[in-house]
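See below for entry-v5.txt, which holds compact mmCIF, C-alpha atoms and all ligand atoms.
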# COMPACT_ATOMS: atom_id res chain seq x y z
CA MET U 1 86.61 56.57 182.99
CA ARG U 2 83.94 56.94 185.62
CA CYS U 3 80.30 57.01 184.51
CA PRO U 4 78.93 60.56 185.04
CA PHE U 5 75.45 59.15 185.71
CA CYS U 6 75.97 56.37 188.26
CA GLY U 7 79.64 56.62 189.24
CA ASN U 8 80.54 53.14 187.98
CA ILE U 9 84.24 53.11 187.02
CA ASP U 10 84.03 50.18 184.61
CA THR U 11 82.75 51.88 181.44
CA GLN U 12 83.39 50.69 177.88
CA VAL U 13 84.70 52.56 174.85
CA LYS U 14 82.38 51.89 171.90
CA ASP U 15 84.05 54.07 169.31
CA SER U 16 87.16 56.31 169.00
CA ARG U 17 87.85 58.78 166.26
CA PRO U 18 89.52 62.15 165.73
CA ALA U 19 87.25 65.00 166.70
CA GLU U 20 86.40 67.58 164.06
CA ASP U 21 89.07 69.94 165.35
CA HIS U 22 91.72 67.22 164.68
CA VAL U 23 93.54 67.99 167.92
CA SER U 24 91.54 65.65 170.09
CA ILE U 25 90.20 62.12 170.11
CA ARG U 26 86.50 61.68 170.61
CA ARG U 27 85.43 58.52 172.42
CA ARG U 28 81.90 57.28 172.77
CA ARG U 29 81.49 55.40 176.02
CA PHE U 30 78.88 53.12 177.41
CA CYS U 31 78.18 52.24 181.03
CA PRO U 32 77.06 48.62 181.42
CA ALA U 33 75.82 49.30 184.97
CA CYS U 34 73.19 51.94 184.13
CA GLY U 35 73.07 51.92 180.32
CA GLY U 36 74.28 55.54 180.20
CA ARG U 37 76.09 56.81 177.11
CA PHE U 38 78.54 59.68 177.14
CA THR U 39 81.38 61.14 175.10
CA THR U 40 84.86 62.11 176.19
CA TYR U 41 87.58 64.10 174.43
CA GLU U 42 91.26 63.44 174.93
CA ARG U 43 93.85 65.98 173.96
CA VAL U 44 97.55 66.53 174.14
CA GLN U 45 98.66 69.38 176.33
CA LEU U 46 101.27 70.93 174.08
CA ARG U 47 102.71 73.17 176.69
CA ASP U 48 102.04 74.11 180.25
CA LEU U 49 100.61 77.58 180.11
CA VAL U 50 100.69 80.06 182.98
CA VAL U 51 98.14 82.86 183.27
CA VAL U 52 99.55 86.09 184.69
CA LYS U 53 96.92 88.21 186.38
CA SER U 54 96.88 91.98 186.40
CA ASN U 55 98.20 92.02 189.98
CA GLY U 56 101.15 89.86 188.88
CA ARG U 57 99.90 86.63 190.43
CA ARG U 58 100.60 83.53 188.36
CA GLU U 59 98.31 80.59 187.99
CA ASP U 60 98.53 77.43 185.87
CA PHE U 61 96.20 77.66 182.92
CA ASP U 62 93.13 75.57 183.68
CA ARG U 63 91.16 74.42 180.66
CA ASP U 64 88.26 73.26 182.86
CA LYS U 65 87.90 76.71 184.38
CA LEU U 66 87.87 78.26 180.93
CA GLU U 67 85.31 75.73 179.76
CA ARG U 68 83.13 76.31 182.83
CA SER U 69 82.98 80.06 182.29
CA ILE U 70 82.22 79.64 178.58
CA ARG U 71 79.50 77.09 179.25
CA ILE U 72 77.85 79.38 181.77
CA ALA U 73 77.95 82.26 179.30
CA LEU U 74 76.32 79.97 176.74
CA GLN U 75 73.71 78.58 179.13
CA LYS U 76 70.37 78.02 177.38
CA ARG U 77 71.76 79.38 174.14
CA PRO U 78 71.08 77.40 170.95
CA VAL U 79 74.69 76.38 170.28
CA GLU U 80 75.68 72.80 169.50
CA PRO U 81 77.90 71.18 172.19
CA GLU U 82 80.35 70.12 169.47
CA ARG U 83 80.65 73.70 168.36
CA VAL U 84 81.42 74.79 171.92
CA GLU U 85 84.02 72.05 172.25
CA GLN U 86 85.56 73.17 168.95
CA MET U 87 85.61 76.77 170.08
CA ILE U 88 87.34 75.90 173.36
CA SER U 89 89.96 73.83 171.53
CA GLY U 90 90.45 76.74 169.18
CA ILE U 91 91.01 79.12 172.08
CA VAL U 92 93.53 76.79 173.68
CA ARG U 93 95.32 76.36 170.36
CA ARG U 94 95.53 80.11 169.94
CA LEU U 95 96.93 80.49 173.45
CA GLU U 96 99.47 77.77 172.78
CA SER U 97 100.46 79.30 169.47
CA LEU U 98 101.28 82.65 171.08
CA GLY U 99 104.70 81.12 171.65
CA GLU U 100 104.90 82.20 175.29
CA THR U 101 104.27 80.12 178.39
CA ASP U 102 103.24 83.24 180.34
CA ILE U 103 99.98 84.72 179.11
CA PRO U 104 98.35 87.83 180.60
CA SER U 105 94.82 87.10 181.86
CA LYS U 106 93.71 90.04 179.73
CA THR U 107 94.82 88.23 176.57
CA VAL U 108 92.87 85.11 177.59
CA GLY U 109 89.74 87.21 178.15
CA GLU U 110 90.10 88.98 174.83
CA ILE U 111 90.50 85.75 172.88
CA VAL U 112 87.46 84.26 174.66
CA MET U 113 85.38 87.34 173.85
CA GLU U 114 86.43 87.28 170.20
CA SER U 115 85.50 83.61 169.93
CA LEU U 116 82.17 84.02 171.69
CA ALA U 117 81.29 87.01 169.52
CA ARG U 118 81.60 84.77 166.49
CA ILE U 119 79.23 82.06 167.70
CA ASP U 120 76.64 83.78 169.91
CA THR U 121 76.04 87.48 170.51
CA VAL U 122 74.05 87.02 173.71
CA ALA U 123 76.76 84.86 175.28
CA TYR U 124 79.36 87.38 174.18
CA VAL U 125 77.52 90.24 175.86
CA ARG U 126 77.07 88.19 179.05
CA PHE U 127 80.74 87.34 179.16
CA ALA U 128 81.99 90.80 178.22
CA SER U 129 79.85 92.64 180.76
CA VAL U 130 81.00 90.45 183.63
CA TYR U 131 84.57 90.33 182.39
CA LYS U 132 84.88 94.08 182.83
CA ASN U 133 84.31 93.77 186.57
CA PHE U 134 86.37 90.61 186.74
CA GLN U 135 89.51 92.40 185.60
CA ALA U 136 89.35 94.56 188.69
CA ALA U 137 88.49 91.70 191.01
CA ASP U 138 90.68 89.06 189.33
CA ASP U 139 88.76 86.41 191.21
CA PHE U 140 87.54 83.53 189.08
CA ASP U 141 84.91 82.22 191.48
CA LYS U 142 83.39 85.64 191.71
CA PHE U 143 83.55 85.89 187.95
CA VAL U 144 81.63 82.65 187.50
CA SER U 145 79.01 83.54 190.07
CA GLU U 146 78.39 86.87 188.36
CA LEU U 147 78.29 85.18 184.98
CA ARG U 148 75.26 83.12 185.90
CA PRO U 149 72.38 84.51 183.89
CA GLY U 150 70.20 86.65 186.10
CA ALA U 151 72.92 87.27 188.66
CA ALA U 152 74.71 89.97 186.68
CA GLU U 153 71.72 92.29 186.62
CA ASP U 154 71.45 92.20 190.41
CA ALA U 155 75.14 92.72 191.08
CA PRO U 156 76.32 96.20 191.98
CA ALA U 157 78.13 97.90 189.10
CA ASP U 158 81.11 98.75 191.27
CA GLU U 159 82.55 97.37 194.48
ZN ZN X 201 76.46 54.34 184.80
Go through the file and emit its structure as C-alpha cells.
Ligand SMILES: [Zn+2]
Amino acid sequence: MRCPFCGNIDTQVKDSRPAEDHVSIRRRRFCPACGGRFTTYERVQLRDLVVVKSNGRREDFDRDKLERSIRIALQKRPVEPERVEQMISGIVRRLESLGETDIPSKTVGEIVMESLARIDTVAYVRFASVYKNFQAADDFDKFVSELRPGAAEDAPADE
C-alpha cells in the first residue's frame, strides 16, 4: 500500500482488526520513510453492482465515487470519519441486499439521502438540493462540482 503522504510503496501494517461495521478489516499502517500513519479498510465486494441511469445508461457501481460525493456533502461538518465510513458501508450493504445487480440511480440517491439525513442535516440538505438537478443531468462530475459548498448557491437553478 502506497503512503498517501510521500508516495513510498513500502509501508508496514501495525495492526489489523475488524472494523466496527464487521464487514471490513481496518488496518493501521506506518510509513518508515516519512513516519506517516494512516488507516485502510479492506472489504469483500459481494456482488458487482450496476447503476442504471434514468436515460438507460449502465455504469458499474463505483464505491469511490459514492464516497467522494458523500465526503463533499459532509465537508467541514462535525462528523467522525469512522461514522462516515460506517455509513458508506451501510449504504453499500443495503444496495447489495436489494437482491438485484441492476440498481436505478434514483434508488442509490434515495438511500444516500436517507443515510445522510440520519447523521447530518446540513449535509443532507446540500446533497438533496444538488441531487435534484443531478437527476436531470445524470452527470456525476457535474454533480460533484455543484456539491462543493458555495458552488451550489451560484449555480443556475435550471439549465
Ligand atoms: Zn511516507
Open item on the list: Under the rule that only C-alpha atoms and all ligand atoms are counted, which of U:Ala33, U:Arg17, U:Ile9, U:Tyr131 is the nearest residue to ligand ZN 201 (chain X)?
Closed with: U:Ala33
Open item on the list: Any residue with an atom at most 9 Å from ligand ZN 201 (chain X) counts, using all atoms listed in the file. Which are they? Put them as an MDAnalysis selection string.
Closed with: chainID U and resid 2:11 30:37
Task: Arg126 (chain U) environment, 8 Å, all atoms listed in the file, sequence neighbours closer than 2 positions dropped, as a list of chain:residue names - done: U:Ala73, U:Val122, U:Ala123, U:Tyr124, U:Ala128, U:Ser129, U:Val130, U:Leu147, U:Pro149
- [ ] Measuring atom to atom with all atoms listed in the file, identify which of U:Arg63, U:Arg118, U:Arg71, U:Lys76 is nearest to Val92 (chain U).
- [x]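 Ranking U:Arg63, U:Arg118, U:Arg71, U:Lys76 by distance to Val92 (chain U), first place goes to U:Arg63.
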Which residues are close to Arg58 (chain U), i.e. within 12 Å by all atoms listed in the file, leaving aside same-chain residues fewer than 5 positions away? Reply as a short mmCIF file (atom, residue, chain, number, x, y, z; two decimals) with C-alpha atoms, in the coordinates of the input.
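Contents of result-v9.cif, as written:
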data_model
loop_
_atom_site.label_atom_id
_atom_site.label_comp_id
_atom_site.auth_asym_id
_atom_site.auth_seq_id
_atom_site.Cartn_x
_atom_site.Cartn_y
_atom_site.Cartn_z
CA LEU U 49 100.61 77.58 180.11
CA VAL U 50 100.69 80.06 182.98
CA VAL U 51 98.14 82.86 183.27
CA VAL U 52 99.55 86.09 184.69
CA LYS U 53 96.92 88.21 186.38
CA THR U 101 104.27 80.12 178.39
CA ASP U 102 103.24 83.24 180.34
CA ILE U 103 99.98 84.72 179.11
CA PRO U 104 98.35 87.83 180.60
CA SER U 105 94.82 87.10 181.86
CA ASP U 138 90.68 89.06 189.33
#
Task: For Ile91 (chain U): contacts at 10 Å, only C-alpha atoms, fewer than 5 positions along chain excluded, given as a list in words - done: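 Contacts, with the query itself left out: Arg63, Leu66, Glu85, Gln86, Glu96, Ser97, Val108, Ile111, Val112, Glu114 and Ser115 of chain U.
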Keeping C-alpha atoms for every residue in the selection just given, could you write it to a file as an mmCIF file, in the coordinates of the input?
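Here's the written file selection-v7.cif:
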data_model
loop_
_atom_site.group_PDB
_atom_site.id
_atom_site.type_symbol
_atom_site.label_atom_id
_atom_site.label_comp_id
_atom_site.auth_asym_id
_atom_site.auth_seq_id
_atom_site.Cartn_x
_atom_site.Cartn_y
_atom_site.Cartn_z
ATOM 1 C CA ARG U 63 91.160 74.420 180.660
ATOM 2 C CA LEU U 66 87.870 78.260 180.930
ATOM 3 C CA GLU U 85 84.020 72.050 172.250
ATOM 4 C CA GLN U 86 85.560 73.170 168.950
ATOM 5 C CA GLU U 96 99.470 77.770 172.780
ATOM 6 C CA SER U 97 100.460 79.300 169.470
ATOM 7 C CA VAL U 108 92.870 85.110 177.590
ATOM 8 C CA ILE U 111 90.500 85.750 172.880
ATOM 9 C CA VAL U 112 87.460 84.260 174.660
ATOM 10 C CA GLU U 114 86.430 87.280 170.200
ATOM 11 C CA SER U 115 85.500 83.610 169.930
#
